[in-house]
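Next up, upload.cif (mmCIF, C-alpha atoms and all ligand atoms):
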data_final
#
loop_
_atom_site.label_atom_id
_atom_site.label_comp_id
_atom_site.auth_asym_id
_atom_site.auth_seq_id
_atom_site.Cartn_x
_atom_site.Cartn_y
_atom_site.Cartn_z
CA MET T 188 3.40 9.97 21.76
CA ALA T 189 4.66 8.74 18.42
CA SER T 190 2.77 9.19 15.15
CA GLN T 191 1.39 6.35 13.01
CA VAL T 192 4.34 6.81 10.63
CA GLU T 193 6.93 6.58 13.43
CA LEU T 194 5.25 3.54 14.98
CA ALA T 195 4.94 1.82 11.59
CA LEU T 196 8.63 2.42 10.96
CA GLN T 197 9.36 0.70 14.30
CA GLY T 198 7.26 -2.27 13.13
CA VAL T 199 4.40 -1.53 15.53
CA ILE T 200 0.81 -2.31 14.47
CA THR T 201 -1.51 0.19 16.13
CA ASN T 202 -5.21 -0.17 16.94
CA GLU T 203 -5.91 2.34 14.19
CA MET T 204 -4.08 0.16 11.65
CA ILE T 205 -6.00 -2.93 12.80
CA ALA T 206 -9.37 -1.15 12.47
CA ALA T 207 -8.48 0.38 9.09
CA ALA T 208 -7.31 -3.02 7.79
CA LYS T 209 -10.47 -4.76 8.96
CA ALA T 210 -12.70 -2.22 7.20
CA ASP T 211 -10.85 -2.76 3.90
CA PHE T 212 -10.34 -6.55 4.10
CA VAL T 213 -6.55 -6.32 4.11
CA THR T 214 -4.09 -7.40 6.78
CA PRO T 215 -2.87 -5.08 9.55
CA GLU T 216 0.69 -5.87 8.41
CA TYR T 217 -0.13 -4.51 4.95
CA VAL T 218 -1.52 -1.28 6.42
CA ARG T 219 1.52 -0.90 8.71
CA ASP T 220 3.94 -1.36 5.80
CA MET T 221 2.05 1.12 3.62
CA VAL T 222 1.90 3.69 6.45
CA ALA T 223 5.65 3.27 6.98
CA GLU T 224 6.23 3.97 3.27
CA GLY T 225 3.86 6.95 3.30
CA LYS T 226 1.49 5.28 0.82
CA VAL T 227 -1.41 5.03 3.28
CA VAL T 228 -2.56 7.52 5.91
CA ILE T 229 -5.05 7.12 8.75
CA PRO T 230 -6.55 10.50 9.73
CA ASN T 231 -6.18 10.58 13.47
CA ASN T 232 -5.86 12.79 16.51
CA LEU T 233 -4.27 11.61 19.74
CA GLY T 234 -6.83 13.65 21.70
CA ARG T 235 -10.02 12.35 20.05
CA ALA T 236 -11.29 8.85 19.33
CA SER T 237 -12.70 8.58 15.81
CA ARG T 238 -13.39 5.91 13.22
CA SER T 239 -10.12 4.63 11.74
CA VAL T 240 -10.22 5.14 8.00
CA GLY T 241 -7.30 4.07 5.83
CA ILE T 242 -6.65 6.17 2.73
CA GLY T 243 -4.17 5.09 0.08
CA LYS T 244 -2.65 2.31 -1.95
CA GLY T 245 -4.58 -0.95 -2.15
CA LEU T 246 -7.52 0.37 -0.12
CA ARG T 247 -11.06 1.31 -1.09
CA THR T 248 -11.44 4.86 -2.44
CA LYS T 249 -12.75 6.96 0.43
CA VAL T 250 -15.28 9.80 0.28
CA ASN T 251 -15.18 13.10 2.11
CA ALA T 252 -18.22 15.32 2.68
CA SER T 253 -17.55 19.00 3.34
CA ILE T 254 -19.92 21.03 5.46
CA GLY T 255 -19.69 24.41 7.18
CA THR T 256 -21.26 27.82 7.49
CA SER T 257 -20.84 30.81 5.22
CA THR T 258 -20.93 34.48 6.15
CA ASP T 259 -24.52 34.60 4.82
CA ILE T 260 -25.88 31.41 6.40
CA ALA T 261 -24.40 30.45 9.77
CA ASP T 262 -26.90 27.95 11.19
CA ILE T 263 -25.15 25.57 13.59
CA ALA T 264 -28.15 23.23 13.91
CA MET T 265 -28.26 22.78 10.13
CA GLU T 266 -24.52 22.09 9.96
CA ILE T 267 -24.82 19.44 12.68
CA GLU T 268 -27.70 17.84 10.79
CA LYS T 269 -25.65 17.91 7.58
CA ALA T 270 -22.75 16.24 9.41
CA LYS T 271 -25.02 13.50 10.75
CA VAL T 272 -26.68 12.95 7.37
CA ALA T 273 -23.28 12.67 5.67
CA GLN T 274 -22.22 10.07 8.22
CA ALA T 275 -25.50 8.14 7.88
CA CYS T 276 -25.18 8.15 4.06
CA GLY T 277 -21.76 6.51 4.26
CA ALA T 278 -19.21 9.33 4.01
CA ASP T 279 -15.80 8.23 5.31
CA SER T 280 -14.80 11.64 6.65
CA LEU T 281 -16.05 15.18 7.09
CA MET T 282 -14.42 18.51 6.45
CA GLU T 283 -15.69 21.32 8.64
CA LEU T 284 -15.15 24.39 6.49
CA SER T 285 -17.05 27.12 8.31
CA VAL T 286 -16.18 30.72 7.56
CA GLY T 287 -19.18 32.39 9.23
CA GLY T 288 -20.40 32.62 12.83
CA ASP T 289 -18.47 31.31 15.82
CA ILE T 290 -16.03 29.04 13.97
CA PRO T 291 -14.37 27.36 17.02
CA ARG T 292 -17.76 26.62 18.59
CA ILE T 293 -19.13 25.13 15.36
CA ARG T 294 -16.03 22.97 14.99
CA ARG T 295 -16.30 21.64 18.55
CA GLU T 296 -20.01 20.88 18.19
CA ILE T 297 -19.40 19.00 14.93
CA LEU T 298 -16.57 17.03 16.54
CA GLY T 299 -18.97 16.02 19.30
CA ALA T 300 -21.77 15.06 16.92
CA VAL T 301 -20.05 12.47 14.69
CA GLU T 302 -17.60 9.61 14.99
CA LEU T 303 -15.98 10.27 11.60
CA PRO T 304 -12.50 11.79 11.35
CA VAL T 305 -12.95 15.52 10.81
CA GLY T 306 -10.73 17.75 8.69
CA THR T 307 -10.41 21.52 8.33
CA VAL T 308 -8.71 24.25 6.32
CA PRO T 309 -7.17 26.31 9.14
CA LEU T 310 -6.48 29.24 6.82
CA TYR T 311 -10.23 29.94 6.79
CA GLN T 312 -10.38 30.60 10.51
CA ALA T 313 -7.11 32.55 10.46
CA PHE T 314 -8.28 34.86 7.68
CA ALA T 315 -11.77 35.20 9.22
CA GLU T 316 -10.21 36.21 12.56
CA SER T 317 -7.91 38.63 10.81
CA ILE T 318 -10.86 40.31 9.10
CA LYS T 319 -12.61 40.62 12.48
CA LYS T 320 -9.56 41.95 14.34
CA TYR T 321 -7.74 43.99 11.69
CA GLY T 322 -10.42 44.63 9.11
CA SER T 323 -8.60 42.75 6.35
CA PRO T 324 -7.22 39.26 5.63
CA VAL T 325 -3.97 40.68 4.26
CA ASP T 326 -3.13 42.19 7.65
CA MET T 327 -3.08 38.79 9.33
CA PRO T 328 0.01 38.40 11.55
CA VAL T 329 2.02 35.26 10.73
CA GLU T 330 1.73 33.88 14.27
CA MET T 331 -2.06 33.82 13.97
CA LEU T 332 -1.70 31.07 11.34
CA PHE T 333 0.31 28.82 13.61
CA ASP T 334 -1.90 29.57 16.62
CA VAL T 335 -5.00 28.50 14.67
CA ILE T 336 -3.33 25.29 13.42
CA GLU T 337 -2.37 24.39 16.99
CA GLU T 338 -5.84 25.30 18.33
CA GLN T 339 -7.60 23.12 15.74
CA CYS T 340 -5.24 20.20 16.41
CA ALA T 341 -5.89 20.54 20.14
CA ASP T 342 -9.66 20.40 19.44
CA GLY T 343 -9.30 16.96 17.82
CA ILE T 344 -9.02 17.58 14.07
CA SER T 345 -7.68 14.52 12.20
CA PHE T 346 -6.56 16.04 8.89
CA MET T 347 -5.88 19.54 7.69
CA ALA T 348 -5.69 20.96 4.20
CA ILE T 349 -2.86 23.48 4.42
CA HIS T 350 -1.62 25.49 1.47
CA CYS T 351 2.13 25.04 1.93
CA GLY T 352 2.90 24.61 -1.78
CA ILE T 353 2.00 28.15 -2.77
CA ASN T 354 5.17 30.19 -2.97
CA ARG T 355 6.68 33.02 -4.96
CA MET T 356 7.52 30.64 -7.82
CA THR T 357 3.91 29.49 -8.22
CA VAL T 358 2.66 33.08 -8.08
CA GLU T 359 5.26 34.02 -10.71
CA ARG T 360 4.00 31.19 -12.97
CA LEU T 361 0.49 32.62 -12.66
CA ARG T 362 1.72 36.09 -13.58
CA LYS T 363 3.80 34.88 -16.53
CA GLN T 364 1.01 32.81 -18.04
CA GLY T 365 -1.25 35.89 -18.00
CA TYR T 366 -3.60 34.92 -15.13
CA ARG T 367 -6.52 32.57 -15.92
CA TYR T 368 -9.98 32.20 -17.42
CA GLY T 369 -11.47 31.27 -14.05
CA GLY T 370 -9.05 33.04 -11.72
CA LEU T 371 -8.27 31.43 -8.38
CA VAL T 372 -11.14 29.55 -6.76
CA SER T 373 -9.51 28.03 -3.70
CA LYS T 374 -10.48 30.32 -0.80
CA GLY T 375 -7.33 29.46 1.15
CA GLY T 376 -5.17 29.77 -1.96
CA ALA T 377 -6.65 33.08 -3.12
CA TYR T 378 -6.36 34.71 0.31
CA MET T 379 -2.80 33.45 0.76
CA VAL T 380 -1.76 34.85 -2.63
CA ALA T 381 -3.39 38.20 -1.76
CA TRP T 382 -1.53 38.19 1.59
CA MET T 383 1.80 37.46 -0.13
CA LEU T 384 1.33 40.16 -2.76
CA HIS T 385 0.16 42.77 -0.26
CA ASN T 386 3.00 42.07 2.17
CA ASP T 387 5.59 41.29 -0.51
CA ARG T 388 6.53 38.20 1.50
CA GLU T 389 6.94 34.48 1.02
CA ASN T 390 4.13 32.18 2.19
CA PRO T 391 4.92 31.46 5.87
CA LEU T 392 3.45 27.96 5.52
CA PHE T 393 6.06 27.22 2.84
CA GLU T 394 8.86 29.09 4.56
CA GLN T 395 8.20 27.40 7.90
CA PHE T 396 6.99 24.08 6.57
CA ASP T 397 8.90 22.14 9.26
CA ARG T 398 6.99 24.01 11.94
CA VAL T 399 3.64 23.13 10.33
CA ALA T 400 4.57 19.43 10.01
CA ASP T 401 5.87 19.38 13.60
CA ILE T 402 2.58 20.65 15.02
CA LEU T 403 0.50 18.13 13.05
CA LYS T 404 2.85 15.27 13.86
CA LYS T 405 2.54 16.02 17.58
CA TYR T 406 -1.19 15.21 17.32
CA ASP T 407 -0.80 12.49 14.62
CA CYS T 408 -2.98 14.66 12.36
CA VAL T 409 -2.61 14.13 8.57
CA LEU T 410 -1.13 17.09 6.69
CA SER T 411 -3.03 17.32 3.40
CA LEU T 412 -1.10 19.63 1.09
CA GLY T 413 -3.78 21.95 -0.27
CA ASN T 414 -4.23 22.62 -3.96
CA GLY T 415 -4.52 26.40 -3.80
CA PHE T 416 -3.95 26.77 -7.56
CA ARG T 417 -6.44 24.12 -8.59
CA ALA T 418 -8.27 25.16 -11.72
CA GLY T 419 -11.78 26.50 -11.26
CA ALA T 420 -12.38 26.38 -15.01
CA ILE T 421 -11.87 23.63 -17.56
CA HIS T 422 -9.72 25.96 -19.69
CA ASP T 423 -7.26 26.46 -16.80
CA SER T 424 -6.71 22.81 -15.95
CA SER T 425 -3.18 21.42 -15.75
CA ASP T 426 -1.69 24.86 -16.40
CA ARG T 427 1.82 25.80 -15.37
CA CYS T 428 1.00 27.19 -11.94
CA GLN T 429 -1.17 24.20 -10.97
CA ILE T 430 1.57 21.77 -11.99
CA GLN T 431 4.22 23.93 -10.28
CA GLU T 432 2.30 23.72 -7.01
CA LEU T 433 1.84 19.97 -7.46
CA VAL T 434 5.61 19.52 -7.87
CA ILE T 435 6.25 21.53 -4.69
CA ASN T 436 3.58 19.63 -2.77
CA CYS T 437 5.10 16.30 -3.81
CA GLU T 438 8.50 17.48 -2.54
CA LEU T 439 6.93 18.63 0.72
CA ALA T 440 5.10 15.29 1.09
CA GLU T 441 8.45 13.55 1.04
CA GLU T 442 9.95 16.03 3.51
CA GLY T 443 7.00 15.75 5.92
CA ARG T 444 7.13 11.97 5.81
CA ARG T 445 10.83 12.09 6.70
CA MET T 446 9.81 14.10 9.75
CA GLY T 447 7.32 11.39 10.78
CA CYS T 448 4.16 13.25 9.78
CA GLN T 449 1.33 11.54 7.88
CA MET T 450 1.17 13.28 4.47
CA MET T 451 -1.38 13.51 1.66
CA VAL T 452 -1.41 15.58 -1.56
CA GLU T 453 -4.49 17.35 -2.98
CA GLY T 454 -5.46 17.60 -6.63
CA PRO T 455 -7.91 19.17 -9.07
CA GLY T 456 -10.30 20.92 -9.39
CA HIS T 457 -11.99 21.45 -12.74
CA ILE T 458 -10.46 19.19 -15.38
CA PRO T 459 -11.48 17.62 -18.71
CA ILE T 460 -11.59 13.84 -18.48
CA ASP T 461 -8.62 13.31 -20.83
CA GLU T 462 -6.27 15.05 -18.35
CA ILE T 463 -7.24 13.10 -15.24
CA GLU T 464 -4.95 10.14 -15.80
CA ALA T 465 -1.90 12.36 -16.43
CA ASN T 466 -2.48 14.34 -13.21
CA ILE T 467 -2.64 11.13 -11.20
CA ILE T 468 0.45 9.61 -12.83
CA ILE T 469 2.42 12.81 -12.16
CA GLN T 470 1.29 13.02 -8.52
CA LYS T 471 1.96 9.36 -7.78
CA ARG T 472 5.35 9.38 -9.55
CA MET T 473 6.61 12.60 -7.96
CA SER T 474 5.42 11.91 -4.41
CA ASN T 475 6.44 8.25 -4.24
CA GLU T 476 2.76 7.30 -4.14
CA ALA T 477 1.53 9.57 -1.36
CA PRO T 478 -2.26 9.29 -1.04
CA PHE T 479 -3.96 11.58 -3.56
CA TYR T 480 -7.05 13.53 -2.52
CA VAL T 481 -9.03 14.90 -5.48
CA LEU T 482 -11.61 17.63 -5.12
CA GLY T 483 -14.44 16.41 -7.29
CA PRO T 484 -12.98 16.74 -9.84
CA ILE T 485 -15.55 18.60 -11.92
CA THR T 486 -15.44 17.62 -15.61
CA THR T 487 -17.42 20.40 -17.30
CA ASP T 488 -18.24 24.00 -16.40
CA VAL T 489 -21.69 24.11 -17.95
CA ALA T 490 -23.89 21.90 -15.77
CA PRO T 491 -24.66 23.97 -12.64
CA GLY T 492 -27.31 22.31 -10.50
CA TYR T 493 -25.90 18.89 -11.43
CA ASP T 494 -22.28 19.22 -10.36
CA HIS T 495 -22.66 16.16 -8.13
CA ILE T 496 -22.90 14.33 -11.50
CA THR T 497 -20.10 16.21 -13.32
CA SER T 498 -17.86 15.48 -10.35
CA ALA T 499 -18.98 11.85 -10.00
CA ILE T 500 -17.81 11.32 -13.59
CA GLY T 501 -14.43 12.80 -12.67
CA ALA T 502 -14.28 10.96 -9.36
CA SER T 503 -14.93 7.55 -10.90
CA LEU T 504 -12.17 8.06 -13.48
CA SER T 505 -9.83 9.45 -10.82
CA SER T 506 -10.43 6.47 -8.59
CA ALA T 507 -9.97 4.04 -11.48
CA TYR T 508 -6.62 5.67 -12.35
CA GLY T 509 -5.41 5.53 -8.76
CA ALA T 510 -6.76 8.47 -6.71
CA ASP T 511 -7.35 7.43 -3.11
CA PHE T 512 -9.73 9.97 -1.62
CA ILE T 513 -12.44 12.05 -3.23
CA CYS T 514 -14.19 15.10 -1.95
CA TYR T 515 -17.86 15.11 -2.85
CA VAL T 516 -19.50 17.96 -4.73
CA THR T 517 -23.16 18.82 -4.18
CA PRO T 518 -25.86 19.98 -6.64
CA SER T 519 -25.56 23.50 -5.22
CA GLU T 520 -21.84 23.87 -6.09
CA HIS T 521 -21.19 27.34 -7.62
CA LEU T 522 -24.73 28.40 -6.64
CA ALA T 523 -25.43 28.35 -2.88
CA LEU T 524 -24.51 26.86 0.49
CA PRO T 525 -25.56 23.18 0.36
CA ASP T 526 -28.61 22.17 2.40
CA VAL T 527 -29.21 18.79 4.03
CA ASN T 528 -30.64 17.23 0.88
CA ASP T 529 -27.69 18.49 -1.19
CA VAL T 530 -25.34 16.78 1.26
CA LYS T 531 -27.25 13.51 0.87
CA GLU T 532 -27.17 13.72 -2.94
CA GLY T 533 -23.50 14.65 -2.94
CA VAL T 534 -22.44 11.77 -0.67
CA MET T 535 -24.43 9.20 -2.64
CA ALA T 536 -23.05 10.41 -5.99
CA ALA T 537 -19.47 10.34 -4.67
CA ARG T 538 -19.88 6.90 -3.10
CA ILE T 539 -21.22 5.50 -6.36
CA ALA T 540 -18.27 7.07 -8.21
CA ALA T 541 -15.81 5.61 -5.71
CA HIS T 542 -17.33 2.16 -6.16
CA VAL T 543 -17.21 2.43 -9.96
CA GLY T 544 -13.54 3.41 -9.74
CA ASP T 545 -12.72 0.61 -7.29
CA MET T 546 -14.18 -1.93 -9.72
CA ILE T 547 -11.21 -1.03 -11.94
CA LYS T 548 -8.54 -0.04 -9.42
CA LEU T 549 -9.09 -2.96 -7.02
CA LYS T 550 -10.73 -5.36 -9.52
CA ASP T 551 -13.53 -5.42 -6.97
CA ARG T 552 -16.59 -6.69 -8.87
CA GLY T 553 -18.06 -9.30 -6.53
CA LEU T 554 -20.91 -7.09 -5.34
CA ASP T 555 -21.97 -6.33 -8.92
CA ARG T 556 -21.98 -10.05 -9.72
CA GLU T 557 -24.23 -10.72 -6.73
CA MET T 558 -26.57 -7.95 -7.83
CA SER T 559 -26.81 -9.40 -11.37
CA LEU T 560 -27.82 -12.76 -9.97
CA ALA T 561 -30.41 -11.15 -7.68
CA ARG T 562 -31.82 -9.23 -10.66
CA ARG T 563 -31.96 -12.32 -12.81
CA GLY T 564 -33.79 -14.11 -9.98
CA LEU T 565 -36.19 -11.14 -9.56
CA ASP T 566 -35.19 -11.26 -5.88
CA TRP T 567 -36.11 -7.74 -4.75
CA LYS T 568 -35.19 -8.26 -1.10
CA ARG T 569 -31.67 -9.34 -2.04
CA GLN T 570 -31.34 -6.46 -4.50
CA PHE T 571 -32.18 -3.99 -1.74
CA GLU T 572 -29.66 -5.63 0.58
CA LEU T 573 -26.89 -5.41 -2.00
CA ALA T 574 -27.60 -1.84 -3.13
CA ILE T 575 -25.09 0.79 -1.95
CA THR T 576 -27.83 3.42 -2.20
CA GLY T 577 -29.65 2.95 1.10
CA ASP T 578 -33.46 2.91 1.23
CA ARG T 579 -34.04 4.62 -2.10
CA PRO T 580 -34.48 1.51 -4.32
CA ALA T 581 -37.12 0.05 -1.96
CA GLU T 582 -38.90 3.40 -1.73
CA ILE T 583 -39.07 3.72 -5.53
CA ARG T 584 -40.38 0.18 -5.97
CA ARG T 585 -42.97 0.62 -3.20
CA SER T 586 -44.20 3.83 -4.78
CA ARG T 587 -45.13 2.04 -8.04
CA MET T 588 -45.82 -1.62 -7.27
CA PRO T 589 -46.76 -4.05 -10.10
CA GLU T 590 -49.73 -6.40 -10.03
CA ASN T 591 -47.43 -9.43 -9.77
CA ASP T 592 -44.38 -9.38 -7.55
CA ASP T 593 -42.24 -11.15 -10.18
CA SER T 594 -41.71 -8.05 -12.32
CA CYS T 595 -41.73 -4.29 -11.95
CA THR T 596 -43.87 -1.58 -13.49
CA MET T 597 -41.17 -0.72 -16.01
CA CYS T 598 -42.28 -3.54 -18.38
CA GLY T 599 -45.00 -5.33 -16.37
CA GLU T 600 -46.26 -8.32 -18.36
CA PHE T 601 -43.43 -7.84 -20.83
CA CYS T 602 -40.80 -8.54 -18.19
CA ALA T 603 -37.85 -9.82 -20.21
CA THR T 604 -36.07 -11.27 -17.20
CA ARG T 605 -39.03 -13.42 -16.21
CA ILE T 606 -39.63 -14.78 -19.74
CA VAL T 607 -36.02 -15.71 -20.44
CA THR T 608 -35.41 -17.18 -16.99
CA LYS T 609 -38.45 -19.45 -17.44
CA TYR T 610 -37.18 -20.94 -20.73
CA PHE T 611 -33.54 -21.12 -19.72
CA GLU T 612 -34.07 -22.53 -16.24
CA ALA T 613 -32.30 -25.83 -16.92
CA ASP T 614 -29.36 -24.13 -18.68
CA ILE T 615 -29.08 -21.63 -15.89
CA GLU T 616 -28.86 -24.38 -13.31
CA ARG T 617 -26.21 -26.20 -15.34
CA GLY T 618 -24.20 -23.05 -15.88
CA GLU T 619 -24.40 -21.78 -12.31
CA LYS T 620 -21.26 -23.50 -11.11
CA LYS T 621 -19.27 -22.34 -14.11
CA LEU T 622 -20.47 -18.76 -13.66
CA GLY T 623 -19.67 -18.90 -9.96
CA ALA T 624 -16.10 -19.90 -10.73
CA GLU T 625 -15.43 -17.50 -13.59
CA ALA T 626 -17.39 -14.37 -12.95
CA ARG T 627 -15.24 -12.44 -10.53
S1 LIG I 701 -40.21 -5.56 -15.68
FE1 LIG I 701 -38.53 -4.91 -17.03
S2 LIG I 701 -37.26 -3.59 -15.74
FE2 LIG I 701 -38.64 -4.67 -14.36
S3 LIG I 701 -37.49 -6.48 -13.72
FE3 LIG I 701 -38.64 -7.12 -15.53
S4 LIG I 701 -37.24 -6.73 -17.25
FE4 LIG I 701 -36.42 -5.64 -15.50
#

Serialized structure, structure tokens:
Amino acid sequence: MASQVELALQGVITNEMIAAAKADFVTPEYVRDMVAEGKVVIPNNLGRASRSVGIGKGLRTKVNASIGTSTDIADIAMEIEKAKVAQACGADSLMELSVGGDIPRIRREILGAVELPVGTVPLYQAFAESIKKYGSPVDMPVEMLFDVIEEQCADGISFMAIHCGINRMTVERLRKQGYRYGGLVSKGGAYMVAWMLHNDRENPLFEQFDRVADILKKYDCVLSLGNGFRAGAIHDSSDRCQIQELVINCELAEEGRRMGCQMMVEGPGHIPIDEIEANIIIQKRMSNEAPFYVLGPITTDVAPGYDHITSAIGASLSSAYGADFICYVTPSEHLALPDVNDVKEGVMAARIAAHVGDMIKLKDRGLDREMSLARRGLDWKRQFELAITGDRPAEIRRSRMPENDDSCTMCGEFCATRIVTKYFEADIERGEKKLGAEAR
């Protein structure tokens, strides 16, 4: 079976393209053309039906929620609940990132529990199996990597973050710049570097990149080029090794696309807000606009417990500047394995950030205009319908109801909206048509 890229290049519009177009209010022809050019991907797997989600140029910024066990907490029931909550809260995809317990079983149960496209980082399972079998990740045989990638594709995974862009040059950059304030924080990246140094060998995922892309293409799975050298500290952002890896990943994105594989590039990381735009310009320019998947990004190191907010700030700016896909961050980032409530908070924060960014990137402000009118009209029912935040607004209002329904307990009798609307009623009516025409 051909991949989305190959079919798009033949002019074919697939069911996945039609569904992705419908969800984003664009035409299927537009999605096909963007897929053919490698500017849009649709995470997919020929062996598993999942929701078709378009990621890339001209489409809504999408949100990923990562779940998965750790070696300390490996509770499958909780991970399934987290997956379902993420889906119910509006996440566009899931990443199953378990490193503890029975990893294949957890993956298969998650795949059966949700309709979202599911992604993985196959290096996690490969290194975890190596520790079990050989006592150390650095003793992992090369073939184990490719076996795990194939196994996860066969299970139905729709996108994989694979650290192909780490090579001896990037490691040399790290050495020459005198390491880092925050070290390496990507699990896949750190383990791969340790493996390379211990074995004095090139990264097999870089050396045999064609083999990796071939496996993923066979299943129509998106190859997301992992950002193993992403900064885990503000003071390390945009350093030489991160940019070196980004350059390599952009080259590989082009190569993978030529092979007919759907390709995406991953980005930071921890980053101050004045470096976000530059990272996106560089990635888009060097990859010929491959979809850009940013991890957060987290915009300060000093707000643990609230990193869903530090990352929402970074995500909204990233989206506004052109990032296509954002990975949520939860309040427990840097502190503990997220629980169900953390997942909910993380998804909502990331979705709000994506919307804020899309208001700039896509000039998509119609929903906000509708909400303003509902607020001015003190129409609570309409406000709840328009909110992108689920049941929470109604719950808050119900918990502190005013005496009169035409205000809220924030100002009560001093409701500014009510007073002004009363005296400007005639002007409002006259101006309505004008506002309707102009306020887009
Ligand atoms: S009471 Fe205050 S906060 Fe509430 S609707 Fe009126 S103006 Fe807005």

Within 8 Å of ligand LIG 701 (chain I), which residues show up when you count all atoms listed in the file? List them as number ranges by chain, please. T: 562, 565, 593-605

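Proximity to Asp259 of chain T was assessed for T:Leu303, T:Asp426, T:Ala523, T:Asp511 counting only C-alpha atoms; the smallest distance is recorded for T:Ala523.
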
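For segment 439-453 of chain T, the residues within 7 Å (counting all atoms listed in the file, excluding itself and residues fewer than 2 positions away along the chain) are T:Ser190, T:Val192, T:Glu193, T:Gly225, T:Val228, T:Ala400, T:Leu403, T:Lys404, T:Asp407, T:Cys408, T:Val409, T:Leu410, T:Ser411, T:Leu412, T:Gly413, T:Asn414, T:Ile435, T:Asn436, T:Cys437, T:Ser474, T:Ala477, T:Pro478, T:Phe479, T:Tyr480, T:Val481.
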
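Of note, atom CA of Gly288 of chain T and atom CA of Val372 of chain T are spaced 21.9 Å apart.
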
Within 12 Å of (8.1, 35.1, -8.1), in the coordinates the file gives, what residues turn up when you count all atoms listed in the file, written out as a list in words? Ile353, Asn354, Arg355, Met356, Thr357, Val358, Glu359, Arg360, Leu361, Arg362, Lys363, Val380, Met383, Leu384, Asp387, Arg388, Glu389, Asn390 and Cys428 of chain T

Could you pull out every residue with an atom within 7 Å of (-6.6, 15.0, 16.7), file coordinates, counting only C-alpha atoms, and send them as number ranges by chain? T: 231-235, 340-345, 406-408

Atom CA of Leu194 of chain T and atom CA of Ala210 of chain T are how many Å apart? 20.4 Å

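Of the listed residues (T:Glu268, T:Glu476, T:Asp211, T:Glu283), T:Glu268 comes nearest to Val527 of chain T; the distances count all atoms listed in the file.
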
Could you give me, as a PyMOL selection string, the residues within 7 Å of Gly255 of chain T, counting only C-alpha atoms and dropping anything in the same chain fewer than 6 positions from it? chain T and resi 266+283-285

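Residues in contact range of Ser257 of chain T, defined as at most 7 Å between only C-alpha atoms, with sequence neighbours fewer than 3 positions away removed, read Ile260, Ala261, Ser285, Val286 and Gly287 of chain T.
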
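Atom CA of Thr517 of chain T is positioned 6.2 Å from atom CA of Val530 of chain T.
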
Selection near Ile500 of chain T, 8 Å with only C-alpha atoms, sequence-local residues under 3 positions removed, as a VMD selection string: chain T and resid 485 to 486 496 to 497 503 to 504 540

For Glu462 of chain T, the closest of T:Lys226, T:Arg556, T:Arg585, T:His422 counting only C-alpha atoms is T:His422

N, CA and C atoms for segment 233-244 of chain T, written as a compact mmCIF listing (two decimals), keeping the file's coordinate frame, could you do that?
# COMPACT_ATOMS: atom_id res chain seq x y z
N LEU T 233 -4.55 12.31 18.48
CA LEU T 233 -4.27 11.61 19.74
C LEU T 233 -5.23 12.04 20.85
N GLY T 234 -5.91 13.16 20.66
CA GLY T 234 -6.83 13.65 21.70
C GLY T 234 -8.29 13.34 21.44
N ARG T 235 -8.60 12.64 20.34
CA ARG T 235 -10.02 12.35 20.05
C ARG T 235 -10.15 10.98 19.40
N ALA T 236 -11.04 10.16 19.95
CA ALA T 236 -11.29 8.85 19.33
C ALA T 236 -12.20 9.06 18.13
N SER T 237 -11.83 8.50 16.99
CA SER T 237 -12.70 8.58 15.81
C SER T 237 -12.58 7.29 15.03
N ARG T 238 -13.45 7.11 14.06
CA ARG T 238 -13.39 5.91 13.22
C ARG T 238 -12.04 5.89 12.49
N SER T 239 -11.42 4.72 12.44
CA SER T 239 -10.12 4.63 11.74
C SER T 239 -10.36 4.31 10.28
N VAL T 240 -9.97 5.24 9.44
CA VAL T 240 -10.22 5.14 8.00
C VAL T 240 -8.88 5.17 7.28
N GLY T 241 -8.56 4.11 6.58
CA GLY T 241 -7.30 4.07 5.83
C GLY T 241 -7.50 4.67 4.45
N ILE T 242 -6.56 5.51 4.05
CA ILE T 242 -6.65 6.17 2.73
C ILE T 242 -5.34 5.91 2.01
N GLY T 243 -5.40 5.27 0.85
CA GLY T 243 -4.17 5.09 0.08
C GLY T 243 -4.11 3.80 -0.68
N LYS T 244 -2.92 3.42 -1.02
CA LYS T 244 -2.65 2.31 -1.95
C LYS T 244 -3.29 0.98 -1.50
